[in-house]
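**Student:** The structure file target-v7.cif (mmCIF, C-alpha atoms) is provided below.
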```
data_work
loop_
_atom_site.group_PDB
_atom_site.id
_atom_site.type_symbol
_atom_site.label_atom_id
_atom_site.label_comp_id
_atom_site.auth_asym_id
_atom_site.auth_seq_id
_atom_site.Cartn_x
_atom_site.Cartn_y
_atom_site.Cartn_z
ATOM 1 C CA MET A 339 35.038 2.775 -0.994
ATOM 2 C CA SER A 340 31.894 1.121 -2.252
ATOM 3 C CA THR A 341 30.817 1.221 -5.877
ATOM 4 C CA HIS A 342 27.196 1.449 -4.814
ATOM 5 C CA ALA A 343 25.194 3.716 -2.540
ATOM 6 C CA LEU A 344 21.943 3.540 -0.630
ATOM 7 C CA ILE A 345 19.870 6.698 -1.021
ATOM 8 C CA LEU A 346 17.139 7.108 1.604
ATOM 9 C CA VAL A 347 14.606 9.679 0.442
ATOM 10 C CA ASP A 348 12.577 11.749 2.913
ATOM 11 C CA MET A 349 12.547 9.425 5.900
ATOM 12 C CA LEU A 350 11.046 12.284 7.887
ATOM 13 C CA ASN A 351 8.237 12.944 10.337
ATOM 14 C CA ALA A 352 6.346 14.833 7.628
ATOM 15 C CA PHE A 353 5.515 11.464 6.036
ATOM 16 C CA PHE A 354 5.682 9.007 8.950
ATOM 17 C CA ASP A 355 4.291 10.877 11.971
ATOM 18 C CA GLU A 356 0.497 11.090 12.242
ATOM 19 C CA GLY A 357 0.838 14.846 12.795
ATOM 20 C CA GLY A 358 3.070 15.315 9.759
ATOM 21 C CA SER A 359 1.987 17.618 6.961
ATOM 22 C CA ALA A 360 2.438 14.906 4.299
ATOM 23 C CA TYR A 361 1.529 11.894 6.462
ATOM 24 C CA TYR A 362 -0.155 8.883 4.943
ATOM 25 C CA PRO A 363 -0.657 5.628 6.868
ATOM 26 C CA ALA A 364 0.854 3.342 4.211
ATOM 27 C CA ALA A 365 4.243 5.064 4.623
ATOM 28 C CA GLN A 366 4.775 2.898 7.720
ATOM 29 C CA GLU A 367 4.778 -0.196 5.479
ATOM 30 C CA VAL A 368 8.167 0.678 3.962
ATOM 31 C CA LEU A 369 9.954 1.161 7.293
ATOM 32 C CA PRO A 370 10.913 -2.488 7.996
ATOM 33 C CA ASN A 371 12.456 -2.970 4.550
ATOM 34 C CA VAL A 372 14.228 0.381 4.591
ATOM 35 C CA GLN A 373 15.578 -0.386 8.076
ATOM 36 C CA ARG A 374 16.837 -3.799 6.892
ATOM 37 C CA LEU A 375 18.583 -2.254 3.889
ATOM 38 C CA LEU A 376 20.084 0.490 6.051
ATOM 39 C CA GLY A 377 21.379 -2.037 8.593
ATOM 40 C CA VAL A 378 23.052 -4.204 5.958
ATOM 41 C CA ALA A 379 24.444 -1.159 4.141
ATOM 42 C CA ARG A 380 26.021 0.025 7.387
ATOM 43 C CA GLU A 381 27.486 -3.430 8.078
ATOM 44 C CA ARG A 382 28.917 -3.693 4.551
ATOM 45 C CA GLY A 383 30.363 -0.161 4.445
ATOM 46 C CA VAL A 384 28.052 0.933 1.620
ATOM 47 C CA PHE A 385 27.977 4.688 1.027
ATOM 48 C CA ILE A 386 24.694 5.977 2.512
ATOM 49 C CA VAL A 387 22.891 9.187 1.616
ATOM 50 C CA HIS A 388 19.992 10.624 3.598
ATOM 51 C CA ALA A 389 18.316 12.880 1.028
ATOM 52 C CA VAL A 390 15.830 15.051 2.885
ATOM 53 C CA GLU A 391 13.603 18.020 2.219
ATOM 54 C CA ARG A 392 14.758 21.167 3.985
ATOM 55 C CA HIS A 393 12.672 24.212 3.092
ATOM 56 C CA HIS A 394 13.550 27.660 4.443
ATOM 57 C CA PRO A 395 10.714 28.969 6.645
ATOM 58 C CA GLY A 396 8.583 31.453 4.739
ATOM 59 C CA ALA A 397 10.828 31.552 1.669
ATOM 60 C CA LEU A 398 9.403 30.824 -1.755
ATOM 61 C CA ASP A 399 11.368 28.075 -3.413
ATOM 62 C CA GLY A 400 9.180 26.963 -6.304
ATOM 63 C CA GLU A 401 7.832 23.796 -4.740
ATOM 64 C CA ARG A 402 5.410 25.807 -2.614
ATOM 65 C CA ASN A 403 3.620 26.882 -5.757
ATOM 66 C CA ARG A 404 2.521 23.255 -6.205
ATOM 67 C CA ILE A 405 2.119 21.708 -2.746
ATOM 68 C CA PRO A 406 1.428 22.853 0.842
ATOM 69 C CA VAL A 407 4.136 24.033 3.241
ATOM 70 C CA HIS A 408 6.130 21.098 4.635
ATOM 71 C CA CYS A 409 9.562 20.160 5.996
ATOM 72 C CA GLU A 410 10.604 23.649 7.030
ATOM 73 C CA ILE A 411 14.015 23.777 8.650
ATOM 74 C CA GLY A 412 13.658 23.466 12.415
ATOM 75 C CA SER A 413 10.134 22.030 12.302
ATOM 76 C CA HIS A 414 8.951 18.658 13.612
ATOM 77 C CA ASP A 415 8.136 17.767 9.986
ATOM 78 C CA ALA A 416 11.800 18.052 8.985
ATOM 79 C CA GLU A 417 13.089 15.788 11.755
ATOM 80 C CA TYR A 418 13.972 12.174 10.993
ATOM 81 C CA THR A 419 11.438 9.513 11.819
ATOM 82 C CA PRO A 420 12.816 7.440 14.744
ATOM 83 C CA SER A 421 15.579 4.971 13.812
ATOM 84 C CA MET A 422 16.275 6.701 10.480
ATOM 85 C CA GLU A 423 18.723 9.315 11.746
ATOM 86 C CA PRO A 424 22.086 9.431 9.965
ATOM 87 C CA ARG A 425 25.233 8.377 11.792
ATOM 88 C CA SER A 426 28.284 10.567 11.853
ATOM 89 C CA THR A 427 30.652 8.507 9.713
ATOM 90 C CA PRO A 428 32.617 9.174 6.517
ATOM 91 C CA THR A 429 30.324 6.811 4.592
ATOM 92 C CA GLU A 430 27.011 8.325 5.720
ATOM 93 C CA ILE A 431 25.932 11.828 4.746
ATOM 94 C CA GLU A 432 22.877 14.056 4.598
ATOM 95 C CA VAL A 433 21.918 15.915 1.440
ATOM 96 C CA ALA A 434 19.314 18.666 1.784
ATOM 97 C CA LYS A 435 16.982 19.227 -1.158
ATOM 98 C CA ILE A 436 14.213 21.672 -2.052
ATOM 99 C CA ARG A 437 12.984 19.837 -5.134
ATOM 100 C CA TYR A 438 11.604 16.349 -5.665
ATOM 101 C CA SER A 439 14.846 14.950 -7.079
ATOM 102 C CA SER A 440 17.669 14.300 -4.642
ATOM 103 C CA PHE A 441 20.083 15.332 -7.420
ATOM 104 C CA HIS A 442 18.638 18.662 -8.535
ATOM 105 C CA ALA A 443 20.766 21.576 -7.275
ATOM 106 C CA THR A 444 22.395 19.443 -4.557
ATOM 107 C CA GLU A 445 25.878 18.032 -3.982
ATOM 108 C CA LEU A 446 24.674 14.439 -4.409
ATOM 109 C CA ASP A 447 26.216 13.682 -7.810
ATOM 110 C CA LEU A 448 29.547 15.211 -6.759
ATOM 111 C CA MET A 449 29.628 13.173 -3.526
ATOM 112 C CA LEU A 450 28.716 9.929 -5.292
ATOM 113 C CA ARG A 451 31.386 10.405 -7.952
ATOM 114 C CA ALA A 452 33.997 11.360 -5.330
ATOM 115 C CA ASN A 453 33.241 8.054 -3.610
ATOM 116 C CA ASN A 454 33.385 5.998 -6.838
ATOM 117 C CA VAL A 455 29.696 5.131 -6.765
ATOM 118 C CA SER A 456 28.234 3.790 -9.995
ATOM 119 C CA SER A 457 25.089 2.065 -8.700
ATOM 120 C CA VAL A 458 22.352 3.568 -6.513
ATOM 121 C CA VAL A 459 19.670 1.813 -4.475
ATOM 122 C CA ILE A 460 16.859 4.330 -3.936
ATOM 123 C CA VAL A 461 14.304 3.818 -1.137
ATOM 124 C CA GLY A 462 11.788 5.898 0.838
ATOM 125 C CA VAL A 463 8.691 7.939 0.008
ATOM 126 C CA LYS A 464 6.852 8.804 -2.347
ATOM 127 C CA THR A 465 7.362 6.515 -5.324
ATOM 128 C CA ASN A 466 5.545 8.687 -7.841
ATOM 129 C CA VAL A 467 7.180 11.949 -6.799
ATOM 130 C CA CYS A 468 10.595 12.077 -5.087
ATOM 131 C CA ILE A 469 11.642 8.475 -5.746
ATOM 132 C CA ARG A 470 10.789 8.672 -9.438
ATOM 133 C CA ALA A 471 12.441 12.089 -9.868
ATOM 134 C CA THR A 472 15.586 10.852 -8.122
ATOM 135 C CA ALA A 473 15.646 7.641 -10.194
ATOM 136 C CA GLN A 474 15.188 9.567 -13.437
ATOM 137 C CA ASP A 475 18.013 11.976 -12.649
ATOM 138 C CA ALA A 476 20.282 9.115 -11.505
ATOM 139 C CA PHE A 477 19.650 7.342 -14.796
ATOM 140 C CA ALA A 478 20.292 10.532 -16.789
ATOM 141 C CA LEU A 479 23.599 10.968 -14.937
ATOM 142 C CA GLY A 480 24.698 7.439 -15.835
ATOM 143 C CA TYR A 481 24.136 5.541 -12.585
ATOM 144 C CA GLN A 482 22.788 1.991 -12.435
ATOM 145 C CA VAL A 483 19.380 2.512 -10.800
ATOM 146 C CA ILE A 484 17.818 0.028 -8.374
ATOM 147 C CA VAL A 485 14.507 0.802 -6.666
ATOM 148 C CA PRO A 486 13.354 -2.023 -4.389
ATOM 149 C CA SER A 487 9.644 -2.283 -5.116
ATOM 150 C CA ASP A 488 8.718 -2.997 -1.499
ATOM 151 C CA ALA A 489 10.910 -0.294 0.053
ATOM 152 C CA THR A 490 8.916 2.601 -1.379
ATOM 153 C CA ASN A 491 5.246 3.489 -1.743
ATOM 154 C CA SER A 492 2.769 6.324 -2.059
ATOM 155 C CA ASN A 493 -0.601 7.518 -0.861
ATOM 156 C CA ARG A 494 -1.651 6.995 -4.478
ATOM 157 C CA PRO A 495 -0.938 3.273 -5.065
ATOM 158 C CA HIS A 496 -1.897 3.335 -8.741
ATOM 159 C CA LEU A 497 0.662 6.082 -9.401
ATOM 160 C CA ALA A 498 3.294 4.217 -7.375
ATOM 161 C CA ALA A 499 2.685 1.089 -9.464
ATOM 162 C CA ALA A 500 2.911 3.052 -12.719
ATOM 163 C CA SER A 501 6.113 4.733 -11.554
ATOM 164 C CA LEU A 502 7.708 1.411 -10.620
ATOM 165 C CA GLU A 503 6.737 0.034 -14.014
ATOM 166 C CA ASP A 504 8.359 3.001 -15.762
ATOM 167 C CA ILE A 505 11.481 2.826 -13.581
ATOM 168 C CA GLY A 506 11.845 -0.901 -14.298
ATOM 169 C CA ARG A 507 11.221 -0.486 -18.004
ATOM 170 C CA TYR A 508 13.169 2.685 -18.770
ATOM 171 C CA MET A 509 15.591 3.547 -15.960
ATOM 172 C CA GLY A 510 16.755 0.542 -13.991
ATOM 173 C CA SER A 511 15.417 -2.371 -11.988
ATOM 174 C CA THR A 512 12.763 -2.870 -9.313
ATOM 175 C CA PRO A 513 13.696 -6.035 -7.401
ATOM 176 C CA THR A 514 12.396 -6.885 -3.937
ATOM 177 C CA THR A 515 14.253 -5.915 -0.780
ATOM 178 C CA ALA A 516 15.152 -9.587 -0.252
ATOM 179 C CA GLU A 517 16.777 -9.701 -3.701
ATOM 180 C CA VAL A 518 18.754 -6.524 -3.027
ATOM 181 C CA LEU A 519 19.868 -7.822 0.386
ATOM 182 C CA LYS A 520 21.101 -11.028 -1.254
ATOM 183 C CA GLN A 521 23.069 -8.982 -3.780
ATOM 184 C CA LEU A 522 24.519 -6.754 -1.041
ATOM 185 C CA ALA A 523 25.567 -9.800 0.990
ATOM 186 C CA GLY A 524 27.470 -11.109 -2.008
ATOM 187 C CA ASN A 525 28.684 -7.649 -3.053
ATOM 188 C CA HIS A 526 27.019 -8.194 -6.461
ATOM 189 C CA LEU A 527 25.066 -4.982 -6.952
#
```
Please render this file's structure as structure tokens.
**Tutor:**
Amino acid sequence: MSTHALILVDMLNAFFDEGGSAYYPAAQEVLPNVQRLLGVARERGVFIVHAVERHHPGALDGERNRIPVHCEIGSHDAEYTPSMEPRSTPTEIEVAKIRYSSFHATELDLMLRANNVSSVVIVGVKTNVCIRATAQDAFALGYQVIVPSDATNSNRPHLAAASLEDIGRYMGSTPTTAEVLKQLAGNHL
């Protein structure tokens, strides 16, 4: 198995579809780079995690106290944006989350450790919320953290920039997608 994993965060209609509850137009800008990383990860046999919000319809889960209803199980919001659906393979899984971090109260850490993962490449939306929370928890759990700066963004660019600065300074690295692809090609992550 791979020693690194690609974690795709919230590649869902809620963020990418114009009718989505959390839609913002700039989200579309990350798709080409995320798709490139996903394609190479699949080719190279990298462990892939689709970390996605899955809220129970009508149930209070804590997040609803802070933000509007979104990504309810069975809704259009919670469906994958086209081309981002997971494949049914042993090296590609889905992890459902009800908090910003892909690690909090999920099986993610257990699955990564079971597959000998020590380095995580985190991509998706939104840099200042779910990406940052996931990166911070990955760092706290001892993973090497890589967040490609052009494979994530936010509807609040100034907060995305500040988050990337903090991630690069305190938690890991923020190379470009091209740099990560070069490392993946050489198996040097």
**Student:** Which is closest to Ala364 (chain A) among A:Arg470, A:His414, A:Arg507, A:Lys464, if we use all atoms listed in the file?
**Tutor:**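 Of the candidates, the smallest distance to Ala364 (chain A) is held by A:Lys464.
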**Student:** Within 12 Å of Met349 (chain A), counting all atoms listed in the file, which residues show up once you throw out same-chain ones fewer than 3 positions away? Write them as a PyMOL selection string, please.
**Tutor:** chain A and resi 345-346+352-355+358+360-361+365-366+368-369+372-373+376+387-391+409+415-424+432+460-464+468-469+489-490
**Student:** Give as an mmCIF file with C-alpha atoms, in the frame of the given file the residues that the PyMOL selection byres ((chain A and resi 450-454) around 12) matches when applied to the coordinates above.
**Tutor:**
```
data_model
loop_
_atom_site.group_PDB
_atom_site.id
_atom_site.type_symbol
_atom_site.label_atom_id
_atom_site.label_comp_id
_atom_site.auth_asym_id
_atom_site.auth_seq_id
_atom_site.Cartn_x
_atom_site.Cartn_y
_atom_site.Cartn_z
ATOM 1 C CA MET A 339 35.038 2.775 -0.994
ATOM 2 C CA SER A 340 31.894 1.121 -2.252
ATOM 3 C CA THR A 341 30.817 1.221 -5.877
ATOM 4 C CA HIS A 342 27.196 1.449 -4.814
ATOM 5 C CA ALA A 343 25.194 3.716 -2.540
ATOM 6 C CA LEU A 344 21.943 3.540 -0.630
ATOM 7 C CA ILE A 345 19.870 6.698 -1.021
ATOM 8 C CA GLY A 383 30.363 -0.161 4.445
ATOM 9 C CA VAL A 384 28.052 0.933 1.620
ATOM 10 C CA PHE A 385 27.977 4.688 1.027
ATOM 11 C CA ILE A 386 24.694 5.977 2.512
ATOM 12 C CA VAL A 387 22.891 9.187 1.616
ATOM 13 C CA PRO A 428 32.617 9.174 6.517
ATOM 14 C CA THR A 429 30.324 6.811 4.592
ATOM 15 C CA GLU A 430 27.011 8.325 5.720
ATOM 16 C CA ILE A 431 25.932 11.828 4.746
ATOM 17 C CA VAL A 433 21.918 15.915 1.440
ATOM 18 C CA SER A 440 17.669 14.300 -4.642
ATOM 19 C CA PHE A 441 20.083 15.332 -7.420
ATOM 20 C CA THR A 444 22.395 19.443 -4.557
ATOM 21 C CA GLU A 445 25.878 18.032 -3.982
ATOM 22 C CA LEU A 446 24.674 14.439 -4.409
ATOM 23 C CA ASP A 447 26.216 13.682 -7.810
ATOM 24 C CA LEU A 448 29.547 15.211 -6.759
ATOM 25 C CA MET A 449 29.628 13.173 -3.526
ATOM 26 C CA VAL A 455 29.696 5.131 -6.765
ATOM 27 C CA SER A 456 28.234 3.790 -9.995
ATOM 28 C CA SER A 457 25.089 2.065 -8.700
ATOM 29 C CA VAL A 458 22.352 3.568 -6.513
ATOM 30 C CA ALA A 476 20.282 9.115 -11.505
ATOM 31 C CA LEU A 479 23.599 10.968 -14.937
ATOM 32 C CA GLY A 480 24.698 7.439 -15.835
ATOM 33 C CA TYR A 481 24.136 5.541 -12.585
#
```
**Student:** By how many Å are CA of Pro486 (chain A) and CA of Asn466 (chain A) apart?
**Tutor:**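 Pair CA of Pro486 (chain A) / CA of Asn466 (chain A) returns 13.7 Å.
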**Student:** Rounded to one decimal in Å, what is the spacing between CA of Leu519 (chain A) and CA of Ala471 (chain A)?
**Tutor:**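 Between these atoms lies a distance of 23.6 Å.
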**Student:** If I take CA of Arg425 (chain A) and CA of Asn351 (chain A), how far is one from the other in Å, to one decimal?
**Tutor:**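 CA of Asn351 (chain A) lies 17.7 Å from CA of Arg425 (chain A).
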**Student:** Rank A:His496, A:Asn403, A:Ala473, A:Glu356 by their smallest atom-to-atom distance to Ser511 (chain A), using only C-alpha atoms, and report the top residue only.
**Tutor:**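 When distances to Ser511 (chain A) are compared using only C-alpha atoms, the smallest one comes from A:Ala473.
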**Student:** With the file shown as input, list the residues that the PyMOL selection byres ((chain A and resi 503) around 12) selects, as an mmCIF file with C-alpha atoms, in the coordinates of the input.
**Tutor:**
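This went into selection.cif:
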```cif
data_model
loop_
_atom_site.group_PDB
_atom_site.id
_atom_site.type_symbol
_atom_site.label_atom_id
_atom_site.label_comp_id
_atom_site.auth_asym_id
_atom_site.auth_seq_id
_atom_site.Cartn_x
_atom_site.Cartn_y
_atom_site.Cartn_z
ATOM 1 C CA THR A 465 7.362 6.515 -5.324
ATOM 2 C CA ASN A 466 5.545 8.687 -7.841
ATOM 3 C CA ARG A 470 10.789 8.672 -9.438
ATOM 4 C CA VAL A 485 14.507 0.802 -6.666
ATOM 5 C CA PRO A 486 13.354 -2.023 -4.389
ATOM 6 C CA SER A 487 9.644 -2.283 -5.116
ATOM 7 C CA HIS A 496 -1.897 3.335 -8.741
ATOM 8 C CA LEU A 497 0.662 6.082 -9.401
ATOM 9 C CA ALA A 498 3.294 4.217 -7.375
ATOM 10 C CA ALA A 499 2.685 1.089 -9.464
ATOM 11 C CA ALA A 500 2.911 3.052 -12.719
ATOM 12 C CA SER A 501 6.113 4.733 -11.554
ATOM 13 C CA LEU A 502 7.708 1.411 -10.620
ATOM 14 C CA ASP A 504 8.359 3.001 -15.762
ATOM 15 C CA ILE A 505 11.481 2.826 -13.581
ATOM 16 C CA GLY A 506 11.845 -0.901 -14.298
ATOM 17 C CA ARG A 507 11.221 -0.486 -18.004
ATOM 18 C CA TYR A 508 13.169 2.685 -18.770
ATOM 19 C CA MET A 509 15.591 3.547 -15.960
ATOM 20 C CA GLY A 510 16.755 0.542 -13.991
ATOM 21 C CA SER A 511 15.417 -2.371 -11.988
ATOM 22 C CA THR A 512 12.763 -2.870 -9.313
ATOM 23 C CA PRO A 513 13.696 -6.035 -7.401
#
```
**Student:** Once you count all atoms listed in the file, which residues end up no further than 12 Å from (11.9, 20.5, -4.2) in the file's frame, shown as a CSV table (one decimal) with C-alpha atoms, in the frame of the given file?
**Tutor:**
```csv
chain,number,residue,atom,x,y,z
A,348,ASP,CA,12.6,11.7,2.9
A,389,ALA,CA,18.3,12.9,1.0
A,390,VAL,CA,15.8,15.1,2.9
A,391,GLU,CA,13.6,18.0,2.2
A,392,ARG,CA,14.8,21.2,4.0
A,393,HIS,CA,12.7,24.2,3.1
A,394,HIS,CA,13.6,27.7,4.4
A,398,LEU,CA,9.4,30.8,-1.8
A,399,ASP,CA,11.4,28.1,-3.4
A,400,GLY,CA,9.2,27.0,-6.3
A,401,GLU,CA,7.8,23.8,-4.7
A,402,ARG,CA,5.4,25.8,-2.6
A,403,ASN,CA,3.6,26.9,-5.8
A,404,ARG,CA,2.5,23.3,-6.2
A,405,ILE,CA,2.1,21.7,-2.7
A,406,PRO,CA,1.4,22.9,0.8
A,407,VAL,CA,4.1,24.0,3.2
A,408,HIS,CA,6.1,21.1,4.6
A,409,CYS,CA,9.6,20.2,6.0
A,410,GLU,CA,10.6,23.6,7.0
A,434,ALA,CA,19.3,18.7,1.8
A,435,LYS,CA,17.0,19.2,-1.2
A,436,ILE,CA,14.2,21.7,-2.1
A,437,ARG,CA,13.0,19.8,-5.1
A,438,TYR,CA,11.6,16.3,-5.7
A,439,SER,CA,14.8,15.0,-7.1
A,440,SER,CA,17.7,14.3,-4.6
A,441,PHE,CA,20.1,15.3,-7.4
A,442,HIS,CA,18.6,18.7,-8.5
A,443,ALA,CA,20.8,21.6,-7.3
A,444,THR,CA,22.4,19.4,-4.6
A,467,VAL,CA,7.2,11.9,-6.8
A,468,CYS,CA,10.6,12.1,-5.1
A,471,ALA,CA,12.4,12.1,-9.9
A,472,THR,CA,15.6,10.9,-8.1
```
**Student:** Quick one: residues within 10 Å of Ala516 (chain A), all atoms listed in the file counted, chain neighbours fewer than 3 positions away excluded, as a PyMOL selection string?
**Tutor:** chain A and resi 371+374-375+486+488+513+519-522
